[in-house]
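Shown next, in C-alpha cells, is the structure this report addresses.
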Amino acid sequence: MKKNLLILLFLLAAQFAKADEGMWLPYLLGQQVYNDMVKKGLKLTKEQLYSINKASLKDAIIIFGGGCTGEIVSNQGLIFTNHHCGYDAIATASSVEHNYLKNGFYALDKSQEIPAKGLSVQFLVKVDDVTKQVMDGLKDLSGPERMQQQQKIIGDIVSQAINGTNYEAKVLPIFKGNQYLLFVYERYKDIRLVGAPPESIGKFGGDTDNWEWPRHTGDFSVFRVYADKDGKPADYSAANLPLKPKHFLPVSIKGIKENDYAMIFGYPGGTNRYESSEGVKLKIDVENPSIVALRAVRLSYMFEQMKKDPAIKLKLASSYAGIANYWKFFDGEAKQLVKYHVVDEKQKEEAAFGKWANGKTEYANIFADYATNYKAWAPYAKHRIYINEGIMGSPLAAFAASLQAVEKAMVQSGGSAEAIKQSIQAADKARTVFLEEEDKTSDQKILAATCHLFYTDIPVAQHPIGFYDAIKAKFGSLDDNNTYRLWASAIMSGSMIMNDARWKAFVANPDAVTLQTDPAFAYSSAFVKNFSTKYLSIYNQFVTKNNDLGRTYMKGKLEMEPNKKWYPDANFSMRLTYGQVKPYAPRDAVAYDYVCTMKGVMEKYKPGDYEFDLPENYVSLYNKKDFGQYKDLRKNDIVTCFITTNDITGGNSGSPVLNANGELIGLAFDGNYEALSHKIQFDAVYNRTICVDVRYVLWCIDKLGGASNIINELKLIR
C-alpha cells in the first residue's frame with residue numbers, strides 16, 4: 001500500500017510540476033523575475049549574473065560558431081559545448097586514416113590540439129538600449145519605407161559603437177520592433193579542438209532518440225580559445241597563447257536531485273511565441289508538412305550512401321546531421337500544435353484582445369488585416385518551401401544557383417573585367433569546397449526526386465514556363481520516375497561544374513552563354529528566376545505587412561497587460577532561463593524519472609548498430625563498474641542525462657546548465673518530443689530540457705579517453 005501511494009505521489013508530482021516559461025535578457029532582468037529565481041533557490045546576486053564593470057557569469061558564455069552556445073570552464077580558455085555543435089570541426093579534422101569523428105580524440109597536451117579552421121567564438125562585451133534613437137528616426141513610418149529607414153539608422157548606430165575598436169556589433173529588435181537593443185561582441189578566431197568522444201557516444205541513439213526522453217547521449221565536445229600575447233583576438237599562430245578569461249565556470253560533481261535549481265545561460269536562436277492564429281494555421285497546414293516530406297527524401301538518399309562507405313559517411317555527416325535534426329522537429333512541432341489546440345488558444349487570446357481594443361482606433365482592424373494578408377500569400381507558400389527545401393535541397397542545384405553572381409557580373413551594364421575576375425575567383429574557390437562535400441550518387445537521386453515532387457505538388461500555373469515541357473520532349477512522361485532519373489543523370493554528366501577540364505576552360509575564358517547553357521545552372525536558374533520575378537514581391541509584401549501587424553499587436557498586448565512578466569522572443573541574443581530538475585508523466589500510465597544512467601545505455605546497446613553501438617572499452621569499464629569520482633551515490637551508477645523545466649530552443653545547444661551557485665552541472669542539448677510546439681507556444685506541463693550530466697562528460701574524458709590533463713585543468717566542486 002505504501003509503495004502504491006509513493007507511485008501515485010510521483011505521478012501527481014510529475015504531471016503537475018509546472019515548467020518555467022521565459023527567455024530573460026540578463027541585461028534587463030526585472031526585480032520580479034529575479035525574486036522568483038531566488039525563491040526557486042538562486043544564491044547569486046544580479047551583478048554576479050550580469051555586469052559590465054566586474055567579471056560575471058555572462059563573461060563565461062560564448063557564441064560558439066554560427067549557431068550554438070559554449071562556456072569557458074578553465075582559466076586557460078577551455079570550452080565545453082555539444083558534440084553536434086563541434087561536429088563539423090571534428091569531421092573536418094578527420095580523415096579515413098585518422099577518423100576522430102568515429103573513434104574520438106583527446107589532446108593529451110596543448111601541442112596536440114588541432115586548429116579548427118573557420119571556427120570562431122564571440123564574447124558579449126555589453127548591451128545598450130537604443131530604442132529612442134531608432135524610434136525617433138522612424139516616427140510613424142510603416143511598410144518598406146520603415147524597413148529602409150530602420151536599416152540606415154541601425155547601420156549608423158553600429159558604426160558609432162565599433163568605431164576605433166576591433167569589436168563587432170548588431171542592433172536587434174525585440175517585442176516585434178517595439179524595443180531595440182545594441183549588442184557589442186569581441187570575436188576570437190584561433191579556436192582549437194581539444195577533445196571529442198567517439199560518435200557512438202556523442203550521437204548515441206541517433207535519429208531514433210532525437211528529441212526523445214529517456215536519453216543516453218554523451219553530447220559534448222571540448223575546444224580551446226587562443227589569443228595573442230596581450231590577450232587580444234588574433235588569427236591562428238603557433239605563438240598564440242590560451243586565453244585568460246574574465247570568468248570561467250567551476251564544475252560541480254556533487255550531483256543533482258529532484259527539485260534542484262537549474263539555470264541555463266545561452267543564445268536561443270528564434271521563437272515566435274506572439275504569432276497570430278493565421279500564422280499557426282499556415283505552419284500546420286502547409287509549411288511543416290512540406291519541409292518534413294522534402295527533408296525525408298534527402299535524408300533517405302544520403303543515408304543509403306552513408307551506410308555503404310565510411311568515407312562517404314564522413315563526407316556527408318555534418319550535412320546529414322543538420323537536415324535530420326530539424327526534420328524530426330518540424331514533424332513533431334506540427335503534431336503538437338494540433339494536439340494541444342494551439343490555433344484555438346491563439347484565437348481565444350485574439351478575441352480577448354479584440355474586446356480590450358474595442359474603440360481603440362490603432363488596433364481596430366488587426367485581425368481582419370491578418371486574414372487578408374495570409375489569404376494573399378497562402379497560394380504561394382508551398383512554392384517557396386519547395387524552392388528552399390526541394391530544388392535547393394540538391395547540393396549541385398544550390399551551388400549552381402550561387403553562380404548567378406557570376407552571371408550578374410558578366411551581363412550587367414558596365415560590368416568591369418575586375419568584377420568578373422573577382423566573381424570567377426570566388427566561384428572557383430566555392431566549387432572546390434562543394435566538390436569536397438559532394439556525393440554524386442545521392443545528389444543525383446535528390447535532384448531527380450525533388451524536381452519530380454515540384455511537378456506533382458506545385459500548381460502548374462506556378463511552374464517555370466516551358467521547363468517541364470522540355471523534360472517531357474527529351475526524356476519521357478512527366479508522371480514516370482524514370483524520366484527524372486534520366487534527366488538528373490544528364491544534368492550531372494553535362495554540367496561543367498562536375499567536369500574539371502570544362503570548368504577550368506570556363507574560368508580561363510568566362511562568358512555568359514557558356515554559363516547560361518550549362519544544364520545545372522539552367523535548371524536552378526529557371527526555378528529561382530521564376531520565383532524571383534513572379535512571387536518574391538508578393539512574399540516581401542506579405543512579410544512587411546506581417547511585421548507591421550505584429551509590431552502593432554505586440555504594442556497593444558503590452559498595453560493591455562502592463563503588469564505581466566513579459567519576455568521577448570528569442571533572437572540569438574544572450575538569455576537566461578531558470579527552472580528545476582523535474583520528472584514528468586507524458587501520458588496515461590507512463591512516468592519518466594528525471595535522470596538516465598549508464599545502465600540504460602547498456603540496455604540500448606546493439607553491437608555494430610548504426611545508432612546504438614559502443615566502443616569496446618566503454619563496455620569493459622561499465623562491467624567493471626569503474627566509475628571513479630563521477631559515480632552518482634543515489635543511483636550507484638553514472639548519470640548520463642537529466643531533465644529540467646527550463647525554457648530553451650535551437651541555439652541553446654551547448655549552453656551551460658548551472659546550479660544555484662553558478663557551477664556547471666550539465667550541458668543543454670535537446671528538448672522533449674511532447675513539447676515541440678515550444679517555438680510557438682510554451683507548454684507549462686510537459687516542457688523539459690534534456691541535458692548531458694557533466695559527470696558523464698568528465699567520465700568519458702577521464703576514464704574512457706584517458707585525458708586526465710583536461711580534468712586537472714578544471715576547478716572541480718566536490
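By order in the C-alpha cells, chains are A, B, ...; within a chain, residues start at 1; ligands start at 1, following the order shown.
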
* Asked: Which residues, written as a list in words, have at least one atom at most 7 Å from region 488-497 of chain A, with only C-alpha atoms counted and residues fewer than 3 positions away on the same chain left out?
  -> Gln444, Leu447, Ala448, Tyr484, Arg485, Arg502, Trp503, Asp518, Pro519 and Ala520 of chain A

Write a file of the just-selected residues containing C-alpha atoms, as a short mmCIF file (atom, residue, chain, number, x, y, z; two decimals), in the first residue's frame.
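part03.cif, written as the output of this step:
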```
data_model
loop_
_atom_site.label_atom_id
_atom_site.label_comp_id
_atom_site.auth_asym_id
_atom_site.auth_seq_id
_atom_site.Cartn_x
_atom_site.Cartn_y
_atom_site.Cartn_z
CA GLN A 444 21.65 12.76 -58.43
CA LEU A 447 17.93 16.08 -57.93
CA ALA A 448 15.51 13.71 -59.68
CA TYR A 484 13.52 12.28 -63.87
CA ARG A 485 16.29 9.74 -63.28
CA ARG A 502 35.45 22.18 -68.80
CA TRP A 503 35.32 24.21 -65.58
CA ASP A 518 25.09 24.79 -68.57
CA PRO A 519 22.31 22.31 -67.64
CA ALA A 520 22.77 22.58 -63.85
#
```

* To do: Enumerate the residues of region 23-146 of chain A with a DSSP assignment of alpha helix (DSSP H), computed from the backbone, and present them as JSON, numbers by chain.
  => {"A": [31, 32, 33, 34, 35, 36, 37, 38, 39, 40, 46, 47, 48, 49, 83, 84, 85, 86, 87, 88, 89, 90, 91, 92, 93, 100, 101, 102, 103, 131, 132, 133, 134, 135, 136, 137, 138, 143, 144, 145, 146]}

* Asked: If we count only C-alpha atoms, what is near region 340-342 of chain A at a cut-off of 8 Å, once residues fewer than 3 positions away on the same chain are taken out, given as a ChimeraX atom specification?
  -> /A:280,336-337,345-346,681

* **All strand (DSSP E or B) residues (DSSP, backbone) inside region 41-148 of chain A, as JSON, numbers by chain** => {"A": [61, 62, 63, 64, 68, 69, 70, 71, 72, 78, 79, 80, 81, 105, 106, 114, 115, 121, 122, 123, 124, 125, 126, 127, 128, 129]}

For the interface of region 251-361 of chain A with region 60-73 of chain A (cut-off 10 Å, counting only C-alpha atoms), please tabulate each contacting residue of region 251-361 of chain A alongside its nearest pair of atoms and their separation in Å to one decimal, rows sorted by chain and increasing number, as a Markdown table.
```
| residue | atom | partner | partner_atom | distance |
| --- | --- | --- | --- | --- |
| A:Val251 | CA | A:Val73 | CA | 7.4 |
| A:Phe265 | CA | A:Ile61 | CA | 7.0 |
| A:Gly266 | CA | A:Thr69 | CA | 5.6 |
| A:Tyr267 | CA | A:Thr69 | CA | 6.0 |
| A:Pro268 | CA | A:Cys68 | CA | 8.3 |
| A:Gly269 | CA | A:Gly67 | CA | 7.2 |
```

Hey, can you spit out that residue selection with C-alpha atoms as a PDB file, in the first residue's frame?
```pdb
ATOM      1  CA  VAL A 251      32.379  22.332 -12.373  1.00  0.00           C
ATOM      2  CA  PHE A 265      22.661  30.804 -19.976  1.00  0.00           C
ATOM      3  CA  GLY A 266      22.885  30.805 -23.749  1.00  0.00           C
ATOM      4  CA  TYR A 267      21.853  32.041 -27.156  1.00  0.00           C
ATOM      5  CA  PRO A 268      18.396  30.722 -28.124  1.00  0.00           C
ATOM      6  CA  GLY A 269      18.033  31.208 -31.859  1.00  0.00           C
TER       7      GLY A 269
END
```

* Asked: In Å, how far is it from CA of Val601 (chain A) to CA of Val194 (chain A)?
  -> 25.1 Å

* **Selected residue, from A:Ala238, A:Val590, A:Val33, A:Met554, that lies nearest to Lys110 (chain A) when counting only C-alpha atoms** =>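 The closest residue to Lys110 (chain A) is A:Ala238.
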
* Using only C-alpha atoms, which residue out of A:Ile538, A:Ala364, A:Leu57, A:Ala321 lies closest to Leu664 (chain A)? ->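 Counting only C-alpha atoms, the residue closest to Leu664 (chain A) is A:Leu57.
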
Would you list the contacts of Phe475 (chain A) as a compact mmCIF listing (two decimals) with N, CA and C atoms, in the first residue's frame, taking every protein, DNA or RNA residue within 10 Å and counting only C-alpha atoms, but skipping same-chain residues closer than 2 positions in sequence?
```txt
# COMPACT_ATOMS: atom_id res chain seq x y z
N ASP A 469 7.95 20.94 -70.05
CA ASP A 469 7.70 20.53 -71.43
C ASP A 469 8.99 20.06 -72.08
N ALA A 470 10.09 20.75 -71.77
CA ALA A 470 11.39 20.37 -72.34
C ALA A 470 11.84 19.01 -71.82
N ILE A 471 11.60 18.74 -70.54
CA ILE A 471 11.94 17.42 -69.97
C ILE A 471 11.11 16.34 -70.66
N LYS A 472 9.83 16.60 -70.83
CA LYS A 472 8.95 15.62 -71.46
C LYS A 472 9.38 15.31 -72.89
N ALA A 473 9.75 16.33 -73.63
CA ALA A 473 10.14 16.14 -75.04
C ALA A 473 11.40 15.30 -75.17
N SER A 477 7.54 10.67 -70.15
CA SER A 477 6.36 11.09 -69.40
C SER A 477 6.74 11.77 -68.09
N LEU A 478 6.04 12.85 -67.77
CA LEU A 478 6.31 13.60 -66.54
C LEU A 478 5.75 12.92 -65.31
N ASP A 480 6.41 9.67 -64.77
CA ASP A 480 7.26 8.49 -64.65
C ASP A 480 8.56 8.84 -63.92
N ASN A 482 11.27 7.32 -63.88
CA ASN A 482 12.45 7.07 -64.71
C ASN A 482 12.79 8.29 -65.58
N THR A 483 11.79 9.06 -65.96
CA THR A 483 12.04 10.28 -66.73
C THR A 483 12.98 11.21 -65.97
N TYR A 484 12.72 11.37 -64.69
CA TYR A 484 13.52 12.28 -63.87
C TYR A 484 14.90 11.69 -63.57
N ARG A 485 14.98 10.36 -63.48
CA ARG A 485 16.29 9.74 -63.28
C ARG A 485 17.18 9.97 -64.50
N LEU A 486 16.60 9.82 -65.68
CA LEU A 486 17.37 10.06 -66.91
C LEU A 486 17.78 11.53 -67.01
N TRP A 487 16.83 12.40 -66.68
CA TRP A 487 17.12 13.83 -66.71
C TRP A 487 18.23 14.21 -65.74
N ALA A 490 21.62 13.21 -66.93
CA ALA A 490 22.09 14.11 -67.97
C ALA A 490 22.60 15.43 -67.38
```

* Measuring atom to atom with only C-alpha atoms, identify which of A:Asp156, A:Asp569, A:Glu603, A:Asp702 is nearest to Ala107 (chain A). =>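 Going through A:Asp156, A:Asp569, A:Glu603, A:Asp702 one by one, the smallest distance to Ala107 (chain A) is for A:Asp702.
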
* Kindly indicate which residue among A:Tyr455, A:Phe572, A:Phe353, A:Phe183 lies nearest to Ile387 (chain A), using only C-alpha atoms for the distances. =>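 Comparing A:Tyr455, A:Phe572, A:Phe353, A:Phe183 against Ile387 (chain A), the winner is A:Tyr455.
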
* Asked: What is the distance, in Å and to one decimal place, between CA of Ala512 (chain A) and CA of Glu418 (chain A)?
  -> 15.6 Å

* To do: Name the residues in contact with Lys244 (chain A) at a cut-off of 7 Å, using only C-alpha atoms, excluding same-chain residues fewer than 2 positions from it; report them as a PyMOL selection string.
  => chain A and resi 75-77+231+242+246

* To do: Counting only C-alpha atoms, figure out which residue out of A:Ala505, A:Ile312, A:Ile710, A:Val338 gets nearest to Arg224 (chain A).
  =>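 Counting only C-alpha atoms, the residue closest to Arg224 (chain A) is A:Ile710.
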